[in-house]
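Here the structure is laid out as structure tokens; the discussion comes afterwards.
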Amino acid sequence: ASSVHVLACRSIAPNETVTADQVLARETQFLLGETCDRHCHRIRANHYIDLATLDLVRHWPRDDDDFTEDSMSREDMIAGISERLAQIMAALSGGFTAALPISGGTDSRILLAASRDCLEQIEHFYVHDIYRVTEFDRLSASRIARELGLPLQVIHHSAPGFDAMDELALANLRHKMAHRTSLSFNGIDDATVRAVTHAPSAELVLRGNLAELTRANKWSRELAGLVVGPEDGLTFLTSKNPEELRAAWTPERYDRMLARYGAWIDTLPEPARQRIPDLAHIEVFAPTAPNNVYYAFEQNFYINPYNDRRILHMTARFNPLARMKRQLVNGIIDRLMPELTSLPYGSHYKKLFRSLRAQGINLRGEF
């Protein structure tokens with residue numbers, strides 16, 4: 001079933017250990033099979049059910065997939081990821097009307113770089129500017145669009161018509177979104193919902209989810225590349241140390257999550273255990289992560305081109321410490337669209353504004 005509400009032929013039996021209200025408020029997320037109903041469990045991503053045995057079977061990785069750098073150089077991995085991602089971007093934008101959001105971050109920049117030979121196939125490029133932090137996204141995206149000669153639609157909170165949807169319609173939409181996602185996502189907040197309803201209409205919106213693995217986002221420098229156990233794994237998965245988790249979760253939930261994480265590790269092929277935090281991010285975290293909120297919107301279909309097994313395998317093989325140093329990110333962008341290398345990220349504008357403000361100069365609203 002696509003959601004708990006489609007599956008359950010009865011009233012929802014609320015999960016009392018982690019409540020839907022907490023998840024909708026983005027205080028936590030459902031993990032390791034949890035749902036809003038204490039009797040319904042989510043099937044792991046990257047698995048299918050063997051109808052003969054009713055066992056979960058993993059699609060990938062296979063028992064013989066190598067997760068070391070012994071048999072493949074970093075240069076070859078960069079080339080392999082770049083070529084495959086460019087192929088995917090060309091296929092998606094060539095087969096469907098497509099829109100590509102551009103922000104001040106890394107992930108959208110990777111997708112943009114991979115679109116070098118198919119930019120004319122992408123019908124829309126756009127950026128949201130609805131908060132103080134997204135102003136820096138707009139500044140970075142505008143600079144990129146200007147340098148590349150791309151038309152950029154800016155969805156701005158002060159634009160005429162931005163608040164056209166009345167409060168009742170907005171509340172009803174957020175209510176529908178919550179139920180479509182088993183009480184996991186309802187649009188973050190009103191401004192985000194309004195912004196996304198103004199996104200350009202296209203068959204596909206190409207988002208950069210899972211490209212964050214290029215920066216080893218679920219590793220620590222101290223344990224980079226080592227085999228980790230359930231406690232360290234939960235720490236990486238949630239970005240909280242054990243003490244913080246125990247304070248945030250009930251003892252029952254902490255013990256259950258620890259046991260489930262250990263059981264999940266036991267299902268991994270031995271070679272893949274070299275990259276447990278990466279596989280956990282792919283199979284456990286990403287399918288229920290807060291940024292999946294975009295899948296609740298009905299106007300467009302969101303898809304993640306980086307979510308490709310060959311790409312994910314080569315990304316995970318790349319040394320985590322080297323990824324933290326942005327060697328993979330820089331390698332991909334240098335190979336695909338080197339002119340992006342010198343263009344500032346949103347963080348550059350944030351630091352610039354902070355520095356100017358410290359000098360008593362307030363430029364907000366001037367750009």
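In the structure tokens, the first chain shown is A, the next is B, and so on; residue numbers restart at 1 for each chain, and ligands run from 1 in the order shown.
Taking only C-alpha atoms, the non-local environment of Ile130 of chain A within 8 Å (same-chain residues fewer than 2 positions away omitted) comprises His128, Arg132, Thr134, Glu135, Ile155, His156, His157, Ala191, Thr192 and Ala195 of chain A.
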Residues from the last selection, all heavy atoms, saved as a compact mmCIF listing (two decimals), in the first residue's frame:
```
# COMPACT_ATOMS: atom_id res chain seq x y z
N HIS A 128 13.41 29.24 -5.00
CA HIS A 128 12.50 29.82 -4.00
C HIS A 128 13.24 30.87 -3.18
O HIS A 128 14.38 30.65 -2.77
CB HIS A 128 12.00 28.75 -3.02
CG HIS A 128 11.12 27.71 -3.67
ND1 HIS A 128 11.07 26.41 -3.24
CD2 HIS A 128 10.26 27.80 -4.69
CE1 HIS A 128 10.21 25.74 -3.98
NE2 HIS A 128 9.71 26.55 -4.86
N ARG A 132 14.66 34.24 5.12
CA ARG A 132 15.94 34.94 5.14
C ARG A 132 17.05 34.05 4.55
O ARG A 132 17.85 34.51 3.74
CB ARG A 132 16.30 35.33 6.57
CG ARG A 132 17.69 35.95 6.71
CD ARG A 132 17.87 36.59 8.07
NE ARG A 132 16.99 37.74 8.22
CZ ARG A 132 17.02 38.56 9.26
NH1 ARG A 132 17.85 38.35 10.25
NH2 ARG A 132 16.20 39.59 9.32
N THR A 134 16.80 31.60 2.38
CA THR A 134 16.66 31.35 0.95
C THR A 134 17.02 32.56 0.11
O THR A 134 17.16 32.45 -1.11
CB THR A 134 15.23 30.88 0.61
OG1 THR A 134 14.29 31.84 1.08
CG2 THR A 134 14.94 29.53 1.24
N GLU A 135 17.18 33.72 0.74
CA GLU A 135 17.68 34.88 0.00
C GLU A 135 19.08 34.59 -0.53
O GLU A 135 19.44 34.99 -1.64
CB GLU A 135 17.70 36.11 0.91
CG GLU A 135 18.17 37.37 0.20
CD GLU A 135 18.05 38.60 1.09
OE1 GLU A 135 17.82 38.44 2.30
OE2 GLU A 135 18.21 39.72 0.56
N ILE A 155 10.69 32.51 -7.36
CA ILE A 155 9.42 32.44 -6.64
C ILE A 155 9.63 33.16 -5.32
O ILE A 155 10.23 32.62 -4.38
CB ILE A 155 8.99 30.98 -6.43
CG1 ILE A 155 8.82 30.29 -7.78
CG2 ILE A 155 7.71 30.90 -5.60
CD1 ILE A 155 8.60 28.80 -7.69
N HIS A 156 9.18 34.41 -5.26
CA HIS A 156 9.49 35.29 -4.14
C HIS A 156 8.26 35.52 -3.27
O HIS A 156 7.14 35.67 -3.77
CB HIS A 156 10.02 36.62 -4.66
CG HIS A 156 10.77 37.42 -3.66
ND1 HIS A 156 10.14 38.21 -2.71
CD2 HIS A 156 12.11 37.55 -3.42
CE1 HIS A 156 11.05 38.79 -1.95
NE2 HIS A 156 12.25 38.41 -2.35
N HIS A 157 8.48 35.57 -1.97
CA HIS A 157 7.36 35.71 -1.04
C HIS A 157 6.62 37.03 -1.17
O HIS A 157 5.47 37.16 -0.75
CB HIS A 157 7.85 35.53 0.40
CG HIS A 157 8.86 36.56 0.83
ND1 HIS A 157 8.49 37.77 1.36
CD2 HIS A 157 10.22 36.55 0.78
CE1 HIS A 157 9.58 38.47 1.64
NE2 HIS A 157 10.65 37.75 1.30
N ALA A 191 4.41 29.01 4.15
CA ALA A 191 5.20 29.67 3.10
C ALA A 191 5.76 28.65 2.11
O ALA A 191 5.77 28.89 0.90
CB ALA A 191 6.35 30.47 3.74
N THR A 192 6.24 27.51 2.61
CA THR A 192 6.77 26.48 1.72
C THR A 192 5.68 25.92 0.83
O THR A 192 5.89 25.71 -0.38
CB THR A 192 7.41 25.36 2.55
OG1 THR A 192 8.46 25.89 3.35
CG2 THR A 192 7.99 24.29 1.64
N ALA A 195 4.92 28.39 -1.84
CA ALA A 195 6.01 28.48 -2.83
C ALA A 195 5.96 27.32 -3.80
O ALA A 195 6.11 27.50 -5.02
CB ALA A 195 7.35 28.52 -2.11
```
Strand (DSSP E) per DSSP on the backbone: members of segment 11-203 of chain A, as a ChimeraX atom specification: /A:47-50,55-58,98-101,124-129,153-156
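Here atom CA of Asn241 of chain A and atom CA of Asn217 of chain A stand 15.2 Å from one another.
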Per-residue DSSP, segment 40-248 of chain A, filtered to helix (DSSP H, G or I), as a count of residues only: 96
Close residues, Gln299 of chain A itself excluded, 10 Å, only C-alpha atoms, min 3 positions apart in chain, as JSON, numbers by chain: {"A": [196, 197, 198, 199, 200, 201, 202, 203, 295, 296, 302]}
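Distances to Glu270 of chain A were evaluated for A:Gly360, A:Glu120, A:Val227, A:Thr35 using only C-alpha atoms, and the minimum falls at A:Val227.
Comparing A:Thr315, A:Pro151, A:Asp76, A:Leu183 by their smallest distance to Val4 of chain A, the closest is A:Leu183 (using only C-alpha atoms).
Straight-line separation from atom CA of Leu54 of chain A to atom CA of Thr267 of chain A: 15.6 Å.
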Selected residue of minimal separation from Arg84 of chain A among A:Ala159, A:Cys36, A:Val154, A:Leu312, counting only C-alpha atoms: A:Leu312
Shell around Arg38 of chain A at 8 Å using only C-alpha atoms, local window under 2 positions removed, as a list in words: Ala13, Pro14, Asn15, Glu16, Glu34, Thr35, Cys36, Cys40 and His41 of chain A
Proximity to Gly331 of chain A - best of A:Glu231, A:Glu298, A:Glu75, A:Glu147, only C-alpha atoms: A:Glu75
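Considering the residues A:Phe185, A:Phe301, A:Phe125, A:Tyr254 and counting only C-alpha atoms, Val205 of chain A has its shortest atom-to-atom contact with A:Phe301.
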Shortest interatomic distance to Ala211 of chain A - which of A:Leu328, A:Val228, A:Leu51, A:Leu32, counting only C-alpha atoms: A:Leu328
